[in-house]
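Peer 1: Handing over data.csv, CSV, C-alpha atoms.
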chain,number,residue,atom,x,y,z
E,1,MET,CA,8.1,-33.4,-20.3
E,2,THR,CA,7.8,-37.0,-19.3
E,3,SER,CA,5.8,-40.0,-20.3
E,4,VAL,CA,2.4,-40.5,-18.7
E,5,ARG,CA,3.9,-43.2,-16.5
E,6,GLU,CA,7.0,-41.2,-15.5
E,7,ALA,CA,4.9,-38.2,-14.6
E,8,GLY,CA,3.1,-40.2,-11.9
E,9,LEU,CA,-0.2,-39.2,-13.4
E,10,ASP,CA,-3.2,-40.3,-11.4
E,11,VAL,CA,-4.6,-43.6,-12.7
E,12,ARG,CA,-7.9,-41.9,-13.7
E,13,ALA,CA,-6.1,-39.2,-15.7
E,14,ALA,CA,-3.7,-41.7,-17.2
E,15,ALA,CA,-6.5,-43.9,-18.4
E,16,PHE,CA,-8.2,-40.8,-19.9
E,17,VAL,CA,-5.0,-39.8,-21.8
E,18,ALA,CA,-4.5,-43.3,-23.1
E,19,GLU,CA,-8.1,-43.6,-24.3
E,20,ARG,CA,-8.7,-40.1,-25.7
E,21,LEU,CA,-5.3,-38.9,-26.8
E,22,GLY,CA,-3.5,-42.2,-27.7
E,23,ASP,CA,0.1,-43.3,-27.3
E,24,GLY,CA,3.1,-41.0,-27.3
E,25,ALA,CA,1.7,-38.2,-25.1
E,26,ALA,CA,4.1,-36.4,-22.8
E,27,VAL,CA,2.9,-34.9,-19.5
E,28,ALA,CA,4.1,-32.2,-17.2
E,29,PRO,CA,2.5,-31.0,-14.0
E,30,LEU,CA,1.4,-27.3,-13.9
E,31,SER,CA,1.3,-25.1,-10.8
E,32,GLY,CA,-2.2,-25.2,-9.5
E,33,ASP,CA,-4.4,-22.9,-7.5
E,34,ALA,CA,-5.3,-23.1,-3.8
E,35,SER,CA,-7.9,-25.8,-4.4
E,36,MET,CA,-7.6,-29.6,-4.5
E,37,ARG,CA,-7.6,-29.7,-8.3
E,38,ARG,CA,-4.5,-30.7,-10.1
E,39,TYR,CA,-3.4,-29.5,-13.6
E,40,PHE,CA,-1.2,-31.0,-16.3
E,41,ARG,CA,0.0,-30.1,-19.7
E,42,VAL,CA,-0.3,-32.9,-22.2
E,43,VAL,CA,1.7,-32.7,-25.4
E,44,ARG,CA,1.5,-35.0,-28.4
E,45,GLY,CA,3.4,-33.9,-31.5
E,46,SER,CA,2.5,-30.3,-32.2
E,47,GLN,CA,-0.6,-30.3,-30.1
E,48,SER,CA,-1.0,-29.5,-26.5
E,49,TRP,CA,-3.8,-29.5,-24.0
E,50,VAL,CA,-4.4,-28.7,-20.3
E,51,LEU,CA,-5.8,-31.6,-18.2
E,52,ALA,CA,-7.7,-30.5,-15.1
E,53,LEU,CA,-8.1,-33.4,-12.6
E,54,HIS,CA,-10.8,-32.9,-10.0
E,55,PRO,CA,-10.5,-34.8,-6.7
E,56,GLU,CA,-13.9,-36.5,-7.2
E,57,PRO,CA,-16.2,-37.5,-10.1
E,58,PHE,CA,-18.6,-34.9,-11.4
E,59,GLU,CA,-21.8,-34.6,-13.4
E,60,ALA,CA,-20.9,-32.3,-16.4
E,61,GLU,CA,-24.2,-30.5,-16.3
E,62,ALA,CA,-23.8,-29.7,-12.6
E,63,LEU,CA,-20.1,-28.7,-12.7
E,64,PRO,CA,-19.9,-25.0,-11.8
E,65,PHE,CA,-16.8,-24.4,-14.0
E,66,LEU,CA,-18.7,-25.7,-17.1
E,67,ALA,CA,-21.9,-23.8,-16.3
E,68,VAL,CA,-20.2,-20.5,-15.7
E,69,ARG,CA,-18.0,-21.0,-18.7
E,70,ARG,CA,-21.0,-21.3,-21.0
E,71,LEU,CA,-22.4,-18.1,-19.6
E,72,MET,CA,-19.2,-16.2,-20.0
E,73,ALA,CA,-18.6,-17.5,-23.5
E,74,GLY,CA,-22.1,-16.4,-24.5
E,75,TRP,CA,-21.3,-12.9,-23.3
E,76,GLY,CA,-18.3,-12.7,-25.5
E,77,LEU,CA,-15.7,-13.1,-22.7
E,78,PRO,CA,-12.5,-14.9,-23.4
E,79,VAL,CA,-12.5,-18.2,-21.7
E,80,PRO,CA,-10.8,-21.5,-22.6
E,81,GLU,CA,-12.5,-24.0,-24.9
E,82,ILE,CA,-13.6,-27.3,-23.3
E,83,LEU,CA,-12.3,-30.0,-25.6
E,84,ASP,CA,-13.4,-33.1,-23.8
E,85,HIS,CA,-14.5,-34.3,-20.4
E,86,ASP,CA,-14.9,-37.5,-18.4
E,87,GLY,CA,-17.0,-36.8,-15.3
E,88,ARG,CA,-16.7,-40.4,-14.1
E,89,ARG,CA,-12.9,-39.9,-13.9
E,90,GLY,CA,-13.1,-36.3,-12.8
E,91,VAL,CA,-11.2,-35.0,-15.9
E,92,LEU,CA,-11.6,-31.9,-18.0
E,93,LEU,CA,-9.5,-31.4,-21.1
E,94,LEU,CA,-9.1,-27.7,-21.8
E,95,GLU,CA,-7.6,-25.4,-24.4
E,96,ASP,CA,-3.9,-24.7,-23.6
E,97,LEU,CA,-3.6,-21.0,-23.0
E,98,GLY,CA,0.1,-21.2,-22.4
E,99,ASP,CA,2.0,-19.9,-19.3
E,100,ARG,CA,1.8,-16.1,-19.7
E,101,THR,CA,-0.2,-14.9,-16.7
E,102,LEU,CA,-0.8,-11.2,-16.3
E,103,GLN,CA,1.5,-11.5,-13.3
E,104,GLU,CA,4.3,-12.9,-15.4
E,105,GLU,CA,3.7,-10.5,-18.2
E,106,LEU,CA,4.0,-7.4,-16.0
E,107,ARG,CA,7.6,-8.4,-15.2
E,108,VAL,CA,8.7,-7.8,-18.8
E,109,VAL,CA,6.5,-5.0,-20.1
E,110,GLY,CA,6.8,-1.2,-19.6
E,111,SER,CA,4.3,1.1,-17.8
E,112,SER,CA,2.3,1.9,-21.0
E,113,GLU,CA,1.8,-1.8,-21.8
E,114,ARG,CA,1.0,-2.5,-18.2
E,115,ASP,CA,-1.7,0.2,-18.1
E,116,ALA,CA,-3.2,-1.0,-21.4
E,117,LEU,CA,-3.5,-4.5,-20.0
E,118,TYR,CA,-5.3,-3.3,-16.9
E,119,ARG,CA,-7.6,-1.2,-18.9
E,120,ALA,CA,-8.4,-4.2,-21.1
E,121,ALA,CA,-9.1,-6.3,-18.0
E,122,LEU,CA,-11.5,-3.7,-16.7
E,123,ASP,CA,-13.2,-3.4,-20.0
E,124,GLN,CA,-13.9,-7.2,-19.8
E,125,LEU,CA,-15.1,-6.8,-16.2
E,126,THR,CA,-17.5,-4.1,-17.3
E,127,THR,CA,-18.8,-6.5,-19.9
E,128,LEU,CA,-19.4,-9.2,-17.3
E,129,GLN,CA,-21.4,-7.0,-15.0
E,130,ARG,CA,-23.4,-5.5,-17.9
E,131,GLU,CA,-24.3,-8.7,-19.7
E,132,ALA,CA,-25.0,-10.7,-16.6
E,133,LEU,CA,-27.7,-8.2,-15.7
E,134,ARG,CA,-29.4,-8.4,-19.1
E,135,GLY,CA,-30.6,-11.9,-19.4
E,136,PRO,CA,-32.3,-14.5,-17.1
E,137,GLN,CA,-30.5,-15.1,-13.9
E,138,THR,CA,-31.5,-18.7,-13.4
E,139,ALA,CA,-28.0,-20.3,-13.3
E,140,ALA,CA,-26.6,-21.5,-10.0
E,141,CYS,CA,-24.0,-18.7,-9.8
E,142,PHE,CA,-26.8,-16.2,-9.5
E,143,GLN,CA,-28.3,-18.0,-6.5
E,144,VAL,CA,-25.2,-17.6,-4.3
E,145,ALA,CA,-23.8,-14.3,-3.0
E,146,PHE,CA,-21.4,-12.6,-0.8
E,147,ASP,CA,-23.9,-12.3,1.9
E,148,ILE,CA,-23.2,-11.6,5.6
E,149,GLU,CA,-22.6,-15.2,6.4
E,150,LYS,CA,-20.1,-15.7,3.6
E,151,LEU,CA,-18.2,-12.5,4.1
E,152,SER,CA,-18.0,-13.1,7.9
E,153,TRP,CA,-16.9,-16.7,7.4
E,154,GLU,CA,-14.0,-15.5,5.3
E,155,LEU,CA,-12.9,-12.9,7.9
E,156,HIS,CA,-13.1,-15.5,10.7
E,157,TYR,CA,-11.1,-17.8,8.4
E,158,PHE,CA,-8.4,-15.1,8.4
E,159,GLU,CA,-8.6,-15.0,12.2
E,160,LYS,CA,-8.1,-18.7,12.5
E,161,HIS,CA,-5.6,-19.5,9.8
E,162,PHE,CA,-3.6,-16.3,9.6
E,163,LEU,CA,-3.7,-14.6,13.0
E,164,GLU,CA,-3.7,-17.7,15.1
E,165,GLY,CA,-2.4,-20.3,12.6
E,166,GLN,CA,0.4,-18.5,10.7
E,167,ARG,CA,1.3,-15.8,13.2
E,168,GLY,CA,0.6,-17.7,16.4
E,169,SER,CA,-1.4,-14.9,17.9
E,170,GLU,CA,-3.0,-15.5,21.3
E,171,LEU,CA,-6.3,-13.7,21.2
E,172,SER,CA,-7.9,-12.6,24.4
E,173,VAL,CA,-11.7,-12.7,25.0
E,174,GLU,CA,-11.8,-9.0,24.4
E,175,ASP,CA,-9.9,-9.3,21.2
E,176,ARG,CA,-12.2,-11.9,19.9
E,177,ALA,CA,-15.3,-9.9,20.8
E,178,THR,CA,-13.9,-6.8,19.0
E,179,LEU,CA,-12.9,-8.8,16.0
E,180,ALA,CA,-16.3,-10.4,15.8
E,181,GLU,CA,-18.1,-7.0,16.1
E,182,GLY,CA,-15.8,-5.4,13.5
E,183,PHE,CA,-16.1,-8.3,11.1
E,184,HIS,CA,-19.9,-8.3,11.4
E,185,ARG,CA,-20.2,-4.6,10.8
E,186,LEU,CA,-17.9,-4.8,7.7
E,187,SER,CA,-19.7,-7.8,6.3
E,188,GLU,CA,-23.1,-6.3,7.0
E,189,GLU,CA,-22.3,-3.1,5.1
E,190,ILE,CA,-20.7,-4.9,2.1
E,191,ALA,CA,-23.6,-7.4,1.9
E,192,GLY,CA,-26.1,-4.6,1.8
E,193,TRP,CA,-24.8,-3.0,-1.4
E,194,PRO,CA,-26.3,-3.7,-4.9
E,195,ARG,CA,-25.0,-7.0,-6.4
E,196,VAL,CA,-23.7,-8.0,-9.7
E,197,LEU,CA,-22.1,-11.2,-10.9
E,198,CYS,CA,-18.5,-11.5,-9.8
E,199,HIS,CA,-15.7,-13.7,-11.2
E,200,ARG,CA,-14.7,-14.0,-7.5
E,201,ASP,CA,-10.9,-14.4,-8.0
E,202,PHE,CA,-10.2,-11.7,-10.6
E,203,HIS,CA,-6.5,-11.2,-10.2
E,204,SER,CA,-3.2,-11.3,-12.1
E,205,ARG,CA,-2.7,-15.1,-11.7
E,206,ASN,CA,-6.1,-15.9,-13.2
E,207,LEU,CA,-5.7,-13.7,-16.3
E,208,MET,CA,-3.7,-15.4,-19.1
E,209,LEU,CA,-2.3,-13.6,-22.1
E,210,HIS,CA,-3.1,-15.7,-25.1
E,211,ARG,CA,-3.2,-14.7,-28.8
E,212,GLY,CA,-3.0,-11.0,-27.7
E,213,THR,CA,-6.0,-11.2,-25.4
E,214,LEU,CA,-6.5,-11.6,-21.7
E,215,TYR,CA,-8.3,-14.9,-21.1
E,216,TRP,CA,-10.1,-15.7,-17.8
E,217,VAL,CA,-9.5,-18.9,-15.8
E,218,ASP,CA,-10.5,-20.2,-12.3
E,219,PHE,CA,-14.0,-18.7,-12.5
E,220,GLN,CA,-15.9,-21.7,-11.1
E,221,ASP,CA,-16.7,-19.9,-7.9
E,222,ALA,CA,-18.5,-17.0,-9.6
E,223,ARG,CA,-21.3,-15.5,-7.4
E,224,MET,CA,-23.2,-12.3,-6.8
E,225,GLY,CA,-21.5,-9.5,-4.9
E,226,PRO,CA,-20.7,-5.8,-4.9
E,227,ALA,CA,-19.5,-4.2,-8.2
E,228,THR,CA,-16.3,-3.3,-6.4
E,229,TYR,CA,-15.4,-6.9,-5.5
E,230,ASP,CA,-13.6,-8.0,-8.7
E,231,LEU,CA,-12.2,-4.4,-9.0
E,232,ALA,CA,-10.6,-4.8,-5.5
E,233,SER,CA,-9.3,-8.3,-6.4
E,234,LEU,CA,-7.5,-6.8,-9.5
E,235,LEU,CA,-6.3,-3.4,-8.3
E,236,ARG,CA,-5.5,-4.6,-4.7
E,237,ASP,CA,-4.0,-7.8,-5.9
E,238,SER,CA,-1.7,-9.6,-3.5
E,239,TYR,CA,0.5,-10.7,-6.3
E,240,VAL,CA,1.2,-7.3,-8.0
E,241,GLU,CA,1.8,-4.0,-6.4
E,242,LEU,CA,0.5,-1.1,-8.5
E,243,PRO,CA,1.4,2.6,-8.0
E,244,GLU,CA,-1.2,4.3,-5.9
E,245,GLU,CA,-1.8,6.9,-8.6
E,246,LEU,CA,-2.6,4.2,-11.1
E,247,VAL,CA,-5.0,2.5,-8.7
E,248,ALA,CA,-6.8,5.7,-8.2
E,249,GLU,CA,-6.9,6.5,-12.0
E,250,LEU,CA,-8.1,3.0,-13.0
E,251,SER,CA,-10.7,2.7,-10.3
E,252,LEU,CA,-12.3,6.0,-11.2
E,253,GLU,CA,-12.3,5.1,-14.9
E,254,PHE,CA,-14.1,1.9,-14.0
E,255,ARG,CA,-16.7,3.9,-12.1
E,256,GLN,CA,-17.3,6.0,-15.1
E,257,ARG,CA,-17.9,3.0,-17.3
E,258,ALA,CA,-19.7,0.6,-14.9
E,259,LEU,CA,-21.3,2.8,-12.2
E,260,PRO,CA,-21.7,6.3,-13.7
E,261,SER,CA,-24.7,7.0,-11.4
E,262,GLU,CA,-22.9,6.2,-8.2
E,263,ALA,CA,-21.5,9.1,-6.3
E,264,ARG,CA,-17.7,9.3,-6.3
E,265,ASP,CA,-17.4,9.2,-2.5
E,266,THR,CA,-19.8,6.3,-2.2
E,267,PHE,CA,-17.8,4.4,-4.8
E,268,LEU,CA,-14.5,5.0,-3.2
E,269,ARG,CA,-15.7,4.0,0.2
E,270,ARG,CA,-17.1,0.8,-1.3
E,271,PHE,CA,-13.9,0.1,-3.2
E,272,GLU,CA,-11.8,0.6,-0.1
E,273,LEU,CA,-13.9,-1.5,2.3
E,274,THR,CA,-14.2,-4.3,-0.2
E,275,SER,CA,-10.4,-4.2,-0.5
E,276,VAL,CA,-10.0,-4.6,3.3
E,277,GLN,CA,-12.3,-7.6,3.3
E,278,ARG,CA,-10.6,-9.1,0.2
E,279,ASN,CA,-7.1,-8.6,1.5
E,280,LEU,CA,-7.9,-10.2,4.9
E,281,LYS,CA,-9.6,-13.1,3.1
E,282,ALA,CA,-6.4,-13.6,1.0
E,283,LEU,CA,-4.3,-13.6,4.1
E,284,GLY,CA,-6.5,-16.3,5.5
E,285,THR,CA,-5.9,-18.4,2.4
E,286,PHE,CA,-2.1,-17.9,2.6
E,287,GLY,CA,-2.1,-18.9,6.2
E,288,TYR,CA,-4.1,-22.0,5.5
E,289,MET,CA,-1.9,-23.1,2.7
E,290,ALA,CA,1.2,-22.7,4.8
E,291,THR,CA,0.1,-24.2,8.0
E,292,VAL,CA,-2.4,-26.9,6.9
E,293,ARG,CA,-1.3,-27.7,3.4
E,294,SER,CA,2.5,-27.1,4.0
E,295,ASN,CA,2.6,-25.0,0.9
E,296,ASP,CA,4.8,-21.9,1.5
E,297,VAL,CA,4.5,-20.5,-2.0
E,298,TYR,CA,2.1,-17.7,-0.9
E,299,LEU,CA,4.2,-16.5,2.0
E,300,ARG,CA,6.1,-14.0,-0.2
E,301,TYR,CA,2.9,-12.2,-0.9
E,302,ILE,CA,2.0,-11.5,2.7
E,303,PRO,CA,3.8,-8.1,3.1
E,304,ALA,CA,2.1,-6.4,0.2
E,305,THR,CA,-1.3,-7.8,1.2
E,306,LEU,CA,-0.8,-6.5,4.8
E,307,GLU,CA,0.3,-3.1,3.5
E,308,SER,CA,-2.8,-2.8,1.3
E,309,ALA,CA,-5.0,-3.7,4.3
E,310,ARG,CA,-3.2,-1.2,6.5
E,311,ARG,CA,-3.7,1.6,4.0
E,312,ASN,CA,-7.4,1.1,3.6
E,313,LEU,CA,-8.1,0.4,7.3
E,314,ALA,CA,-6.4,3.7,8.1
E,315,ARG,CA,-8.7,5.6,5.8
E,316,HIS,CA,-11.9,4.8,7.8
E,317,PRO,CA,-12.1,6.0,11.4
E,318,GLU,CA,-15.1,3.7,12.0
E,319,LEU,CA,-12.7,0.8,11.6
E,320,LEU,CA,-10.4,2.1,14.3
E,321,GLY,CA,-11.4,-0.6,16.9
E,322,LEU,CA,-10.8,-3.4,14.4
E,323,ARG,CA,-7.5,-1.9,13.3
E,324,ARG,CA,-6.2,-1.5,16.8
E,325,VAL,CA,-6.9,-5.2,17.7
E,326,LEU,CA,-5.3,-6.4,14.5
E,327,ALA,CA,-2.3,-4.0,14.9
E,328,ARG,CA,-1.8,-5.4,18.4
E,329,HIS,CA,-1.0,-8.8,16.8
E,330,LEU,CA,0.3,-7.6,13.4
E,331,ASP,CA,3.0,-5.0,13.6
E,332,GLU,CA,2.6,-4.3,9.8
E,333,LEU,CA,-0.8,-2.8,10.5
E,334,LYS,CA,0.4,-0.1,13.0
The structure given in the file should be rewritten as structure tokens.

Peer 2:
Amino acid sequence: MTSVREAGLDVRAAAFVAERLGDGAAVAPLSGDASMRRYFRVVRGSQSWVLALHPEPFEAEALPFLAVRRLMAGWGLPVPEILDHDGRRGVLLLEDLGDRTLQEELRVVGSSERDALYRAALDQLTTLQREALRGPQTAACFQVAFDIEKLSWELHYFEKHFLEGQRGSELSVEDRATLAEGFHRLSEEIAGWPRVLCHRDFHSRNLMLHRGTLYWVDFQDARMGPATYDLASLLRDSYVELPEELVAELSLEFRQRALPSEARDTFLRRFELTSVQRNLKALGTFGYMATVRSNDVYLRYIPATLESARRNLARHPELLGLRRVLARHLDELK
């Protein structure tokens, strides 16, 4: 921990700390997400907070993070308390949930504790999907969705920033045409499924173990999408490799709780195709962070993500054309 001045805190955040928290505060930067937001832990005496610094000013009533948080808290989901905010300075002051992400926790617990944590996360996910369908759906997060345009954009983002950017692939005209067709068909099918509210980044780095409960963070991009989207984010997580038998067990348990009327084969197909889209999207983000933002922290997660994509692409013969083009440029998918 260092003083506000020594930490090099942005002038907006430094002024906020001085005005709202007083003298004697110590500050340490926290590892952030793939956005332009920055995070700091602020400590004074026995108290600590997390300060989220947005790149631009915001109107509190219009900030997606605050709007989604209100909904989730109302549904009984564990989300951090908002302790203060200053929209003019782009600052949120949040409850400090500590540093124990699910990803970190899984490194020190046994298989039974691991399984219990995942079942707890899926119970929470079931609550989100159930409660969001019960009340009025007037909030902004209900008005945006994983539609064809959004899903296709993410897949072409993968093409640009991972295939071409990170791997340096030289795509032929025929390659691009096959990718465009395959991406469109995959996006069209996923976009046509029934929609529920999705966290949108429901994975092990966005679940924090605090006071014995998994808390949710980074939910500001919540939107409508297939019931299997958050499930794929969690069980086909780029950051944690789960045994295949556990993925199968947990996914079918989720189906029984959240989608009991959906045929097993239909559910499994939707889970696997969503996993393909989600994994390719994640690779696009990893490529962008490495090549555009010069941040190599995500490169270590590429092999597991490619293996997950390979496994699910291979299960669906109708994706053979897409897989062949991808495998021509990515040996890991052969």

Peer 1: Ranking E:Ser112, E:Thr228, E:Thr178, E:Gln166 by minimum distance to Ile302 of chain E and counting all atoms listed in the file, which one comes first?

Peer 2: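 Using all atoms listed in the file, Ile302 of chain E sits closest to E:Gln166.
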
Peer 1: Write out as a ChimeraX atom specification the residues lying within 12 Å of Glu61 of chain E, counting only C-alpha atoms and excluding same-chain residues fewer than 5 positions away.

Peer 2: /E:66-70,85-87,139-140

Peer 1: Quick check, in Å to one decimal: how far apart do atom CA of Trp75 of chain E and atom CA of Glu104 of chain E lie?

Peer 2: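 Going from atom CA of Trp75 of chain E over to atom CA of Glu104 of chain E covers 26.8 Å.
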
Peer 1: Extract, using all atoms listed in the file, all DNA, RNA and protein residues at most 12 Å from segment 174-177 of chain E, discarding same-chain residues fewer than 5 positions from it, and format them as a list in words.

Peer 2: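 The residues that qualify are His156, Glu159, Lys160, Leu163, Glu164, Ser169, Gly182, Phe183, His184, Gly321, Leu322, Arg323, Arg324, Val325, Leu326, Ala327, Arg328 and His329 of chain E.
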
Peer 1: Nearest to Ala232 of chain E among E:Phe286, E:Trp193, E:Phe271, E:Tyr298, with distances taken over all atoms listed in the file: which residue is it?

Peer 2: E:Phe271

Peer 1: Neighbouring residues of Leu197 of chain E were defined as those with any atom within 6 Å, considering all atoms listed in the file; residues of the same chain fewer than 2 positions away were excluded. Please report them as a list of chain:residue names.

Peer 2: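 Counting all atoms listed in the file, the residues come to E:Gln129, E:Arg223, E:Met224.
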
Peer 1: Residues within 9 Å of (-8.9, -5.7, -4.9), file coordinates, counting only C-alpha atoms: what are they? Give the list as a count of residues only.

Peer 2: 20

Peer 1: Can you pull out the residues contacting segment 51-54 of chain E? Cut-off 6 Å, using all atoms listed in the file, and skip same-chain residues under 2 positions away; I want them as a PyMOL selection string.

Peer 2: chain E and resi 37-40+56+90-93

Peer 1: Pull the neighbourhood of (-2.1, -22.4, 3.7) for me: all residues within 12 Å in file coordinates, counting all atoms listed in the file, as a short mmCIF file (atom, residue, chain, number, x, y, z; two decimals) with C-alpha atoms, in the coordinates of the input.

Peer 2:
data_model
loop_
_atom_site.label_atom_id
_atom_site.label_comp_id
_atom_site.auth_asym_id
_atom_site.auth_seq_id
_atom_site.Cartn_x
_atom_site.Cartn_y
_atom_site.Cartn_z
CA ASP E 33 -4.40 -22.90 -7.50
CA ALA E 34 -5.30 -23.10 -3.80
CA SER E 35 -7.90 -25.80 -4.40
CA TYR E 157 -11.10 -17.80 8.40
CA PHE E 158 -8.40 -15.10 8.40
CA LYS E 160 -8.10 -18.70 12.50
CA HIS E 161 -5.60 -19.50 9.80
CA PHE E 162 -3.60 -16.30 9.60
CA GLY E 165 -2.40 -20.30 12.60
CA GLN E 166 0.40 -18.50 10.70
CA LYS E 281 -9.60 -13.10 3.10
CA ALA E 282 -6.40 -13.60 1.00
CA LEU E 283 -4.30 -13.60 4.10
CA GLY E 284 -6.50 -16.30 5.50
CA THR E 285 -5.90 -18.40 2.40
CA PHE E 286 -2.10 -17.90 2.60
CA GLY E 287 -2.10 -18.90 6.20
CA TYR E 288 -4.10 -22.00 5.50
CA MET E 289 -1.90 -23.10 2.70
CA ALA E 290 1.20 -22.70 4.80
CA THR E 291 0.10 -24.20 8.00
CA VAL E 292 -2.40 -26.90 6.90
CA ARG E 293 -1.30 -27.70 3.40
CA SER E 294 2.50 -27.10 4.00
CA ASN E 295 2.60 -25.00 0.90
CA ASP E 296 4.80 -21.90 1.50
CA VAL E 297 4.50 -20.50 -2.00
CA TYR E 298 2.10 -17.70 -0.90
CA LEU E 299 4.20 -16.50 2.00
CA ILE E 302 2.00 -11.50 2.70
#

Peer 1: Could you state the separation of atom CA of Leu97 of chain E and atom CA of Pro55 of chain E in Å, given to one decimal place?

Peer 2: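 That distance, rounded to one decimal, is 22.4 Å.
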
Peer 1: Excluding same-chain residues fewer than 5 positions from Leu128 of chain E, what lies within 10 Å of it counting all atoms listed in the file, as JSON, numbers by chain?

Peer 2: {"E": [71, 72, 75, 76, 77, 122, 123, 133, 196, 197, 198, 199]}

Peer 1: So which one's closest to Ala222 of chain E, E:Arg130, E:Arg200, E:Arg41, E:His210? Using only C-alpha atoms, please.

Peer 2: E:Arg200

Peer 1: Which is closest to Val50 of chain E among E:Asp23, E:Glu105, E:Glu95, E:Asp84, if we use all atoms listed in the file?

Peer 2: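 Ranking E:Asp23, E:Glu105, E:Glu95, E:Asp84 by distance to Val50 of chain E, first place goes to E:Glu95.
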
Peer 1: Taking into account all atoms listed in the file, which residue in the set E:Arg205, E:Arg167, E:Arg12, E:Arg195 is nearest to Pro226 of chain E?

Peer 2: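 That would be E:Arg195, the residue with the smallest distance to Pro226 of chain E.
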
Peer 1: So which one's closest to Gly98 of chain E, E:Gln124, E:Thr138, E:Ser308, E:Gln47? Using all atoms listed in the file, please.

Peer 2: E:Gln47

Peer 1: So the first atom is atom CA of Ala180 of chain E and the second is atom CA of Tyr301 of chain E; what is the distance between them in Å, to one decimal place?

Peer 2: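 Computed distance, atom CA of Ala180 of chain E to atom CA of Tyr301 of chain E, equals 25.5 Å.
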